file coords_10.cif (mmCIF, C-alpha atoms and all ligand atoms)
data_query
loop_
_atom_site.label_atom_id
_atom_site.label_comp_id
_atom_site.auth_asym_id
_atom_site.auth_seq_id
_atom_site.Cartn_x
_atom_site.Cartn_y
_atom_site.Cartn_z
CA MET A 1 0.00 0.00 0.00
CA GLU A 2 1.46 3.35 -1.05
CA ILE A 3 1.58 5.89 1.78
CA PHE A 4 0.94 9.57 1.11
CA LEU A 5 1.17 12.34 3.67
CA ASP A 6 -1.96 14.53 3.77
CA THR A 7 -0.35 17.91 4.40
CA ALA A 8 1.57 20.81 2.89
CA ASN A 9 3.71 21.23 6.01
CA LEU A 10 7.30 21.10 4.75
CA TYR A 11 8.73 20.14 8.14
CA ASP A 12 6.42 17.11 8.42
CA ILE A 13 7.09 16.05 4.82
CA SER A 14 10.83 16.24 5.44
CA HIS A 15 10.48 14.37 8.76
CA TYR A 16 8.53 11.46 7.24
CA ARG A 17 9.97 11.45 3.72
CA ASP A 18 11.61 7.99 4.11
CA PHE A 19 8.20 6.45 4.79
CA ILE A 20 6.03 8.11 2.17
CA CYS A 21 5.89 7.99 -1.60
CA GLY A 22 4.09 11.29 -2.08
CA VAL A 23 1.82 13.99 -0.72
CA THR A 24 -1.83 14.92 -1.06
CA THR A 25 -3.23 18.39 -0.48
CA ASN A 26 -6.62 20.04 -0.71
CA PRO A 27 -7.70 23.71 -0.66
CA THR A 28 -8.09 23.67 3.14
CA ILE A 29 -4.58 22.28 3.57
CA MET A 30 -3.14 24.81 1.11
CA ALA A 31 -4.87 27.66 2.93
CA ALA A 32 -3.40 26.46 6.23
CA TYR A 33 0.22 25.92 5.15
CA ALA A 34 0.97 27.54 1.84
CA ALA A 35 -0.17 31.16 2.13
CA ASP A 36 -0.61 32.53 -1.40
CA ASP A 37 2.44 31.08 -3.10
CA HIS A 38 0.97 27.69 -3.94
CA LYS A 39 3.16 27.04 -6.97
CA ASN A 40 6.32 27.62 -4.97
CA ILE A 41 5.28 25.41 -2.05
CA ILE A 42 4.10 22.62 -4.36
CA GLY A 43 7.42 22.83 -6.22
CA GLN A 44 9.31 22.40 -2.95
CA ILE A 45 7.13 19.43 -2.01
CA CYS A 46 7.72 17.81 -5.43
CA ASP A 47 11.48 18.07 -4.84
CA MET A 48 11.12 16.24 -1.51
CA VAL A 49 9.20 13.12 -2.59
CA ILE A 50 9.62 10.41 -5.20
CA GLY A 51 5.96 9.97 -6.18
CA HIS A 52 2.83 11.95 -6.91
CA VAL A 53 1.82 15.24 -5.28
CA SER A 54 -1.95 15.77 -5.50
CA VAL A 55 -3.14 19.34 -5.95
CA GLU A 56 -6.83 20.15 -6.11
CA VAL A 57 -8.69 22.46 -8.50
CA ILE A 58 -11.07 25.00 -7.00
CA SER A 59 -13.12 25.50 -10.18
CA GLU A 60 -16.52 23.86 -10.37
CA ASN A 61 -17.25 23.71 -14.08
CA PHE A 62 -15.67 21.53 -16.76
CA ASN A 63 -13.86 24.20 -18.80
CA ASP A 64 -12.33 25.93 -15.79
CA MET A 65 -11.37 22.63 -14.16
CA VAL A 66 -9.54 21.55 -17.32
CA ARG A 67 -7.79 24.91 -17.64
CA GLU A 68 -6.79 24.96 -13.98
CA GLY A 69 -5.72 21.30 -14.09
CA GLN A 70 -3.55 21.83 -17.17
CA GLU A 71 -1.93 24.90 -15.60
CA MET A 72 -1.07 23.10 -12.36
CA ALA A 73 0.07 19.93 -14.12
CA ALA A 74 2.63 22.04 -16.01
CA TRP A 75 4.26 23.09 -12.71
CA ASN A 76 5.92 19.69 -12.23
CA ASN A 77 5.61 16.20 -13.74
CA LYS A 78 4.90 14.69 -10.29
CA ILE A 79 1.64 16.59 -9.95
CA CYS A 80 -1.61 14.66 -9.89
CA ILE A 81 -4.72 16.79 -10.40
CA LYS A 82 -7.41 16.35 -7.76
CA LEU A 83 -10.96 16.80 -8.99
CA PRO A 84 -14.25 16.37 -7.13
CA CYS A 85 -16.52 13.43 -8.01
CA THR A 86 -19.16 15.60 -9.70
CA PHE A 87 -20.50 15.44 -13.28
CA ASP A 88 -18.08 18.19 -14.35
CA GLY A 89 -15.23 16.77 -12.28
CA LEU A 90 -15.59 13.33 -13.84
CA LYS A 91 -15.82 14.85 -17.32
CA ALA A 92 -12.63 16.83 -16.61
CA CYS A 93 -11.02 13.62 -15.31
CA ARG A 94 -11.80 11.88 -18.58
CA HIS A 95 -10.37 14.79 -20.59
CA LEU A 96 -7.19 15.28 -18.54
CA SER A 97 -6.51 11.53 -18.25
CA ALA A 98 -6.90 11.11 -22.02
CA ASN A 99 -4.30 13.86 -22.40
CA GLY A 100 -1.75 12.19 -20.17
CA ILE A 101 -2.42 14.11 -16.93
CA ALA A 102 -2.75 11.97 -13.79
CA THR A 103 -5.92 12.58 -11.79
CA ASN A 104 -7.06 11.85 -8.25
CA MET A 105 -10.85 11.84 -7.89
CA THR A 106 -11.63 13.29 -4.50
CA LEU A 107 -14.69 13.78 -2.27
CA CYS A 108 -15.77 10.26 -3.22
CA PHE A 109 -18.61 9.04 -1.00
CA SER A 110 -20.16 6.22 -3.06
CA SER A 111 -19.23 3.17 -5.10
CA ALA A 112 -21.11 4.64 -8.06
CA GLN A 113 -18.78 7.66 -8.05
CA ALA A 114 -15.75 5.36 -7.74
CA LEU A 115 -16.93 3.21 -10.65
CA LEU A 116 -17.38 6.29 -12.85
CA ALA A 117 -13.94 7.57 -11.82
CA ALA A 118 -12.40 4.28 -12.96
CA ARG A 119 -14.32 4.42 -16.25
CA CYS A 120 -12.96 7.96 -16.77
CA GLY A 121 -9.35 6.79 -16.39
CA ALA A 122 -8.56 8.29 -12.98
CA ALA A 123 -5.13 7.35 -11.62
CA TYR A 124 -6.54 7.41 -8.05
CA VAL A 125 -9.94 7.55 -6.40
CA SER A 126 -10.15 8.91 -2.85
CA PRO A 127 -13.09 7.73 -0.73
CA PHE A 128 -13.33 9.90 2.40
CA ILE A 129 -13.73 7.26 5.08
CA GLY A 130 -13.53 9.58 8.11
CA ARG A 131 -16.15 12.00 6.84
CA LEU A 132 -18.50 9.07 6.11
CA ASP A 133 -18.01 7.84 9.68
CA ASP A 134 -18.78 11.38 10.90
CA ASP A 135 -21.99 11.25 8.87
CA GLY A 136 -23.17 8.09 10.64
CA CYS A 137 -22.09 5.73 7.83
CA ASP A 138 -19.29 3.16 7.68
CA GLY A 139 -16.38 4.51 5.65
CA LEU A 140 -14.46 1.25 5.70
CA SER A 141 -17.46 -0.62 4.22
CA LEU A 142 -17.39 1.73 1.27
CA LEU A 143 -13.67 1.08 0.87
CA GLU A 144 -14.30 -2.67 0.84
CA GLU A 145 -17.11 -2.35 -1.70
CA ILE A 146 -14.99 -0.25 -4.07
CA SER A 147 -12.08 -2.67 -3.67
CA ASP A 148 -14.36 -5.56 -4.71
CA ILE A 149 -15.81 -3.63 -7.65
CA TYR A 150 -12.35 -2.70 -8.93
CA ASP A 151 -11.15 -6.31 -8.57
CA ILE A 152 -14.17 -7.68 -10.43
CA GLY A 153 -13.91 -5.08 -13.18
CA GLY A 154 -10.12 -5.25 -13.42
CA TYR A 155 -9.83 -1.46 -13.25
CA GLU A 156 -6.39 0.12 -13.03
CA THR A 157 -7.50 3.10 -10.94
CA LYS A 158 -5.79 2.94 -7.55
CA LEU A 159 -7.98 2.94 -4.47
CA LEU A 160 -6.63 5.61 -2.09
CA ALA A 161 -8.13 5.71 1.41
CA ALA A 162 -8.56 9.35 2.46
CA SER A 163 -9.91 11.32 5.40
CA VAL A 164 -8.07 8.96 7.73
CA ARG A 165 -8.74 9.62 11.41
CA ASN A 166 -7.00 6.85 13.35
CA VAL A 167 -4.52 3.97 13.22
CA ASN A 168 -7.37 1.47 12.75
CA HIS A 169 -8.26 3.21 9.47
CA PHE A 170 -4.62 2.71 8.42
CA ILE A 171 -4.59 -1.02 9.24
CA GLN A 172 -8.07 -1.78 7.90
CA SER A 173 -7.39 0.05 4.64
CA ALA A 174 -4.48 -2.31 4.03
CA MET A 175 -6.60 -5.33 5.06
CA LEU A 176 -9.39 -4.32 2.68
CA GLY A 177 -7.08 -4.02 -0.31
CA ALA A 178 -6.53 -0.28 -0.63
CA ASP A 179 -3.69 0.43 -3.07
CA ALA A 180 -2.80 3.63 -1.25
CA ILE A 181 -3.63 5.73 1.75
CA THR A 182 -3.18 9.39 2.60
CA ILE A 183 -2.61 10.01 6.26
CA PRO A 184 -2.20 13.19 8.34
CA PRO A 185 1.19 13.55 10.10
CA SER A 186 -0.45 13.26 13.53
CA ILE A 187 -1.87 9.81 12.67
CA LEU A 188 1.30 8.61 10.94
CA LYS A 189 3.19 9.51 14.15
CA GLN A 190 0.88 7.18 16.11
CA CYS A 191 1.62 4.31 13.68
CA PHE A 192 5.21 4.20 14.97
CA GLU A 193 4.19 4.05 18.61
CA HIS A 194 3.49 1.11 20.91
CA HIS A 195 3.79 1.25 24.70
CA LEU A 196 5.39 -2.24 24.80
CA THR A 197 8.10 -1.08 22.41
CA GLU A 198 8.92 1.84 24.73
CA LYS A 199 8.75 -0.41 27.79
CA GLY A 200 10.97 -3.03 26.11
CA ILE A 201 13.64 -0.48 25.20
CA LYS A 202 13.68 0.77 28.80
CA ILE A 203 14.06 -2.77 30.20
CA PHE A 204 16.82 -3.72 27.74
CA SER A 205 18.69 -0.52 28.48
CA GLU A 206 18.40 -0.94 32.27
CA ASP A 207 19.48 -4.62 32.11
CA PHE A 208 22.46 -3.78 29.98
CA ARG A 209 23.58 -0.91 32.25
CA LYS A 210 23.27 -3.21 35.30
CA SER A 211 25.51 -5.82 33.63
CA ILE A 212 28.19 -3.18 32.94
CA LYS A 213 28.11 -2.00 36.56
CA GLY A 214 28.15 -5.57 37.88
O1 LIG B 301 -7.37 13.62 1.69
C1 LIG B 301 -8.61 14.00 2.11
C2 LIG B 301 -8.47 14.65 3.41
O2 LIG B 301 -7.63 15.73 3.26
C3 LIG B 301 -9.73 15.04 4.06
O3 LIG B 301 -9.54 14.77 5.37
O4 LIG B 301 -9.84 14.99 7.76
O5 LIG B 301 -10.54 16.85 6.24
O6 LIG B 301 -11.84 14.72 6.32
P1 LIG B 301 -10.50 15.37 6.49
#

call {"tool": "encode", "arguments": {"input": "coords_10.cif", "output": "structure tokens", "more": "lines below"}}
Ligand code: G3P
result
Amino acid sequence: MEIFLDTANLYDISHYRDFICGVTTNPTIMAAYAADDHKNIIGQICDMVIGHVSVEVISENFNDMVREGQEMAAWNNKICIKLPCTFDGLKACRHLSANGIATNMTLCFSSAQALLAARCGAAYVSPFIGRLDDDGCDGLSLLEEISDIYDIGGYETKLLAASVRNVNHFIQSAMLGADAITIPPSILKQCFEHHLTEKGIKIFSEDFRKSIKG
């Protein structure tokens, strides 16, 4: 499972760069970390990672989405254009994909949207599992359903678990066959931690020091 970091924080990307293949952003993330100079920040992020960097359009109609997507894709060949799973977004996905621009279909909340994204040639589809949980639904069930549909249909679109809220989402996404996940730095940090690991290190260290003294 490919791991993406869901942030535009350069410190966090640098800190975790050995464990991630790329980065995903969205307009909220860009507003929080990138001030106005989005092109510059995205360029720096592209230099730090080996894989895709997803950048989202803010336009809502087909023509503007295509124009915006083409402009941003020209910034760097690692850029993957994020488009919402709407009628216009899916149409733009089809157009950009057919013209060699990688796309990541975002704000996906149903298998129908994911199936259409695959039919339109999306490189990635991003079901928002956390936001579905917040809405009283089961985000991981959607992930499983899309995984099955993609397996049955033999689609090449990669299933990217997004809106990840806890370590269980991380583990279950892998169990359910997600090809990729995007994870906030705060949750990735927790994936390294286990109290028995800390306790074990302390015991080993104390035992070793005792043996030196003895
Ligand atoms: O990648 C999608 C993600 O950025 C959305 O996460 O936590 O805002 O639902 P969240």

call {"tool": "closest_residue", "arguments": {"input": "coords_10.cif", "among": "A:Ala114, A:Ile129, A:Ile171, A:Cys120", "to": "Ser147 in chain A", "atoms": "only C-alpha atoms"}}
result
A:Ala114

call {"tool": "closest_residue", "arguments": {"input": "coords_10.cif", "among": "A:Cys85, A:Ile20, A:Ile181, A:Cys191", "to": "ligand LIG 301 (chain B)", "atoms": "only C-alpha atoms and all ligand atoms"}}
result
A:Ile181

call {"tool": "residues_near_point", "arguments": {"input": "coords_10.cif", "point": "(-7.1, 17.0, -22.5)", "cutoff": "12 Å", "atoms": "only C-alpha atoms", "output": "list in words"}}
result
Phe62, Asn63, Met65, Val66, Arg67, Glu68, Gly69, Gln70, Glu71, Ala73, Lys91, Ala92, Cys93, Arg94, His95, Leu96, Ser97, Ala98, Asn99, Gly100, Ile101, Ala102 and Thr103 of chain A

call {"tool": "closest_residue", "arguments": {"input": "coords_10.cif", "among": "A:Ile79, A:Ile58, A:Leu116, A:Ile29", "to": "ligand LIG 301 (chain B)", "atoms": "all atoms listed in the file"}}
result
A:Ile29

call {"tool": "closest_residue", "arguments": {"input": "coords_10.cif", "among": "A:Phe109, A:Phe87, A:Tyr155, A:Phe192", "to": "ligand LIG 301 (chain B)", "atoms": "only C-alpha atoms and all ligand atoms"}}
result
A:Phe109

call {"tool": "closest_residue", "arguments": {"input": "coords_10.cif", "among": "A:Ile152, A:Asp47, A:Asp18, A:Thr106", "to": "Asn77 in chain A", "atoms": "all atoms listed in the file"}}
result
A:Asp47

call {"tool": "residues_near_ligand", "arguments": {"input": "coords_10.cif", "ligand": "ligand LIG 301 (chain B)", "cutoff": "8 Å", "atoms": "only C-alpha atoms and all ligand atoms", "output": "short mmCIF file (atom, residue, chain, number, x, y, z; two decimals) with C-alpha atoms, in the coordinates of the input"}}
result
data_model
loop_
_atom_site.label_atom_id
_atom_site.label_comp_id
_atom_site.auth_asym_id
_atom_site.auth_seq_id
_atom_site.Cartn_x
_atom_site.Cartn_y
_atom_site.Cartn_z
CA ASP A 6 -1.96 14.53 3.77
CA THR A 7 -0.35 17.91 4.40
CA THR A 24 -1.83 14.92 -1.06
CA THR A 25 -3.23 18.39 -0.48
CA ASN A 26 -6.62 20.04 -0.71
CA THR A 28 -8.09 23.67 3.14
CA ILE A 29 -4.58 22.28 3.57
CA THR A 106 -11.63 13.29 -4.50
CA LEU A 107 -14.69 13.78 -2.27
CA SER A 126 -10.15 8.91 -2.85
CA PHE A 128 -13.33 9.90 2.40
CA ILE A 129 -13.73 7.26 5.08
CA GLY A 130 -13.53 9.58 8.11
CA ARG A 131 -16.15 12.00 6.84
CA ALA A 161 -8.13 5.71 1.41
CA ALA A 162 -8.56 9.35 2.46
CA SER A 163 -9.91 11.32 5.40
CA VAL A 164 -8.07 8.96 7.73
CA ARG A 165 -8.74 9.62 11.41
CA THR A 182 -3.18 9.39 2.60
CA ILE A 183 -2.61 10.01 6.26
CA PRO A 184 -2.20 13.19 8.34
#

call {"tool": "residues_around", "arguments": {"input": "coords_10.cif", "residues": "Gly51 in chain A", "least_positions_apart": "3", "cutoff": "12 Å", "atoms": "all atoms listed in the file", "output": "number ranges by chain"}}
result
A: 2-5, 17-24, 45-48, 54, 76-80, 102, 180

call {"tool": "build_atoms", "arguments": {"input": "coords_10.cif", "residues": "range 34-70 of chain A", "atoms": "N, CA and C atoms", "output": "PDB file, in the frame of the given file"}}
result
ATOM      1  N   ALA A  34       0.232  27.061   3.004  1.00  0.00           N
ATOM      2  CA  ALA A  34       0.970  27.540   1.840  1.00  0.00           C
ATOM      3  C   ALA A  34       0.772  29.015   1.531  1.00  0.00           C
ATOM      4  N   ALA A  35       0.106  29.744   2.389  1.00  0.00           N
ATOM      5  CA  ALA A  35      -0.170  31.160   2.130  1.00  0.00           C
ATOM      6  C   ALA A  35      -0.655  31.325   0.688  1.00  0.00           C
ATOM      7  N   ASP A  36      -0.113  32.305  -0.039  1.00  0.00           N
ATOM      8  CA  ASP A  36      -0.610  32.530  -1.400  1.00  0.00           C
ATOM      9  C   ASP A  36       0.265  31.869  -2.466  1.00  0.00           C
ATOM     10  N   ASP A  37       1.499  31.540  -2.085  1.00  0.00           N
ATOM     11  CA  ASP A  37       2.440  31.080  -3.100  1.00  0.00           C
ATOM     12  C   ASP A  37       2.350  29.563  -3.293  1.00  0.00           C
ATOM     13  N   HIS A  38       1.217  29.129  -3.810  1.00  0.00           N
ATOM     14  CA  HIS A  38       0.970  27.690  -3.940  1.00  0.00           C
ATOM     15  C   HIS A  38       1.963  27.006  -4.872  1.00  0.00           C
ATOM     16  N   LYS A  39       2.261  27.655  -5.985  1.00  0.00           N
ATOM     17  CA  LYS A  39       3.160  27.040  -6.970  1.00  0.00           C
ATOM     18  C   LYS A  39       4.524  26.774  -6.362  1.00  0.00           C
ATOM     19  N   ASN A  40       5.006  27.747  -5.603  1.00  0.00           N
ATOM     20  CA  ASN A  40       6.320  27.620  -4.970  1.00  0.00           C
ATOM     21  C   ASN A  40       6.341  26.490  -3.944  1.00  0.00           C
ATOM     22  N   ILE A  41       5.331  26.450  -3.088  1.00  0.00           N
ATOM     23  CA  ILE A  41       5.280  25.410  -2.050  1.00  0.00           C
ATOM     24  C   ILE A  41       5.144  24.031  -2.695  1.00  0.00           C
ATOM     25  N   ILE A  42       4.287  23.921  -3.691  1.00  0.00           N
ATOM     26  CA  ILE A  42       4.100  22.620  -4.360  1.00  0.00           C
ATOM     27  C   ILE A  42       5.399  22.195  -5.037  1.00  0.00           C
ATOM     28  N   GLY A  43       6.121  23.149  -5.603  1.00  0.00           N
ATOM     29  CA  GLY A  43       7.420  22.830  -6.220  1.00  0.00           C
ATOM     30  C   GLY A  43       8.389  22.277  -5.196  1.00  0.00           C
ATOM     31  N   GLN A  44       8.417  22.889  -4.015  1.00  0.00           N
ATOM     32  CA  GLN A  44       9.310  22.400  -2.950  1.00  0.00           C
ATOM     33  C   GLN A  44       8.901  20.988  -2.519  1.00  0.00           C
ATOM     34  N   ILE A  45       7.603  20.761  -2.412  1.00  0.00           N
ATOM     35  CA  ILE A  45       7.130  19.430  -2.010  1.00  0.00           C
ATOM     36  C   ILE A  45       7.531  18.392  -3.076  1.00  0.00           C
ATOM     37  N   CYS A  46       7.359  18.739  -4.343  1.00  0.00           N
ATOM     38  CA  CYS A  46       7.720  17.810  -5.430  1.00  0.00           C
ATOM     39  C   CYS A  46       9.196  17.419  -5.351  1.00  0.00           C
ATOM     40  N   ASP A  47      10.036  18.367  -4.945  1.00  0.00           N
ATOM     41  CA  ASP A  47      11.480  18.070  -4.840  1.00  0.00           C
ATOM     42  C   ASP A  47      11.784  17.137  -3.670  1.00  0.00           C
ATOM     43  N   MET A  48      10.855  17.024  -2.731  1.00  0.00           N
ATOM     44  CA  MET A  48      11.120  16.240  -1.510  1.00  0.00           C
ATOM     45  C   MET A  48      10.651  14.790  -1.602  1.00  0.00           C
ATOM     46  N   VAL A  49       9.780  14.465  -2.549  1.00  0.00           N
ATOM     47  CA  VAL A  49       9.200  13.120  -2.590  1.00  0.00           C
ATOM     48  C   VAL A  49       9.468  12.458  -3.938  1.00  0.00           C
ATOM     49  N   ILE A  50       9.331  11.121  -3.943  1.00  0.00           N
ATOM     50  CA  ILE A  50       9.620  10.410  -5.200  1.00  0.00           C
ATOM     51  C   ILE A  50       8.368  10.235  -6.067  1.00  0.00           C
ATOM     52  N   GLY A  51       7.184  10.279  -5.429  1.00  0.00           N
ATOM     53  CA  GLY A  51       5.960   9.970  -6.180  1.00  0.00           C
ATOM     54  C   GLY A  51       5.073  11.186  -6.395  1.00  0.00           C
ATOM     55  N   HIS A  52       3.780  10.895  -6.570  1.00  0.00           N
ATOM     56  CA  HIS A  52       2.830  11.950  -6.910  1.00  0.00           C
ATOM     57  C   HIS A  52       2.584  12.970  -5.791  1.00  0.00           C
ATOM     58  N   VAL A  53       2.288  14.194  -6.191  1.00  0.00           N
ATOM     59  CA  VAL A  53       1.820  15.240  -5.280  1.00  0.00           C
ATOM     60  C   VAL A  53       0.458  15.694  -5.823  1.00  0.00           C
ATOM     61  N   SER A  54      -0.597  15.413  -5.047  1.00  0.00           N
ATOM     62  CA  SER A  54      -1.950  15.770  -5.500  1.00  0.00           C
ATOM     63  C   SER A  54      -2.276  17.206  -5.148  1.00  0.00           C
ATOM     64  N   VAL A  55      -2.741  17.946  -6.137  1.00  0.00           N
ATOM     65  CA  VAL A  55      -3.140  19.340  -5.950  1.00  0.00           C
ATOM     66  C   VAL A  55      -4.546  19.501  -6.518  1.00  0.00           C
ATOM     67  N   GLU A  56      -5.412  20.134  -5.745  1.00  0.00           N
ATOM     68  CA  GLU A  56      -6.830  20.150  -6.110  1.00  0.00           C
ATOM     69  C   GLU A  56      -7.260  21.431  -6.825  1.00  0.00           C
ATOM     70  N   VAL A  57      -8.109  21.279  -7.823  1.00  0.00           N
ATOM     71  CA  VAL A  57      -8.690  22.460  -8.500  1.00  0.00           C
ATOM     72  C   VAL A  57      -9.744  23.084  -7.575  1.00  0.00           C
ATOM     73  N   ILE A  58      -9.979  24.374  -7.763  1.00  0.00           N
ATOM     74  CA  ILE A  58     -11.070  25.000  -7.000  1.00  0.00           C
ATOM     75  C   ILE A  58     -12.239  25.371  -7.922  1.00  0.00           C
ATOM     76  N   SER A  59     -12.044  25.226  -9.229  1.00  0.00           N
ATOM     77  CA  SER A  59     -13.120  25.500 -10.180  1.00  0.00           C
ATOM     78  C   SER A  59     -14.207  24.446 -10.041  1.00  0.00           C
ATOM     79  N   GLU A  60     -15.417  24.806 -10.493  1.00  0.00           N
ATOM     80  CA  GLU A  60     -16.520  23.860 -10.370  1.00  0.00           C
ATOM     81  C   GLU A  60     -17.160  23.490 -11.702  1.00  0.00           C
ATOM     82  N   ASN A  61     -16.689  24.131 -12.787  1.00  0.00           N
ATOM     83  CA  ASN A  61     -17.250  23.710 -14.080  1.00  0.00           C
ATOM     84  C   ASN A  61     -16.153  23.126 -14.970  1.00  0.00           C
ATOM     85  N   PHE A  62     -16.582  22.315 -15.934  1.00  0.00           N
ATOM     86  CA  PHE A  62     -15.670  21.530 -16.760  1.00  0.00           C
ATOM     87  C   PHE A  62     -14.535  22.358 -17.379  1.00  0.00           C
ATOM     88  N   ASN A  63     -14.895  23.433 -18.087  1.00  0.00           N
ATOM     89  CA  ASN A  63     -13.860  24.200 -18.800  1.00  0.00           C
ATOM     90  C   ASN A  63     -12.812  24.770 -17.855  1.00  0.00           C
ATOM     91  N   ASP A  64     -13.277  25.323 -16.738  1.00  0.00           N
ATOM     92  CA  ASP A  64     -12.330  25.930 -15.790  1.00  0.00           C
ATOM     93  C   ASP A  64     -11.499  24.864 -15.080  1.00  0.00           C
ATOM     94  N   MET A  65     -12.130  23.725 -14.789  1.00  0.00           N
ATOM     95  CA  MET A  65     -11.370  22.630 -14.160  1.00  0.00           C
ATOM     96  C   MET A  65     -10.239  22.160 -15.085  1.00  0.00           C
ATOM     97  N   VAL A  66     -10.554  22.004 -16.357  1.00  0.00           N
ATOM     98  CA  VAL A  66      -9.540  21.550 -17.320  1.00  0.00           C
ATOM     99  C   VAL A  66      -8.421  22.582 -17.436  1.00  0.00           C
ATOM    100  N   ARG A  67      -8.804  23.852 -17.539  1.00  0.00           N
ATOM    101  CA  ARG A  67      -7.790  24.910 -17.640  1.00  0.00           C
ATOM    102  C   ARG A  67      -6.893  24.939 -16.408  1.00  0.00           C
ATOM    103  N   GLU A  68      -7.539  24.912 -15.238  1.00  0.00           N
ATOM    104  CA  GLU A  68      -6.790  24.960 -13.980  1.00  0.00           C
ATOM    105  C   GLU A  68      -5.906  23.712 -13.837  1.00  0.00           C
ATOM    106  N   GLY A  69      -6.473  22.557 -14.186  1.00  0.00           N
ATOM    107  CA  GLY A  69      -5.720  21.300 -14.090  1.00  0.00           C
ATOM    108  C   GLY A  69      -4.499  21.304 -14.998  1.00  0.00           C
ATOM    109  N   GLN A  70      -4.684  21.791 -16.230  1.00  0.00           N
ATOM    110  CA  GLN A  70      -3.550  21.830 -17.170  1.00  0.00           C
ATOM    111  C   GLN A  70      -2.471  22.787 -16.677  1.00  0.00           C
TER     112      GLN A  70
END
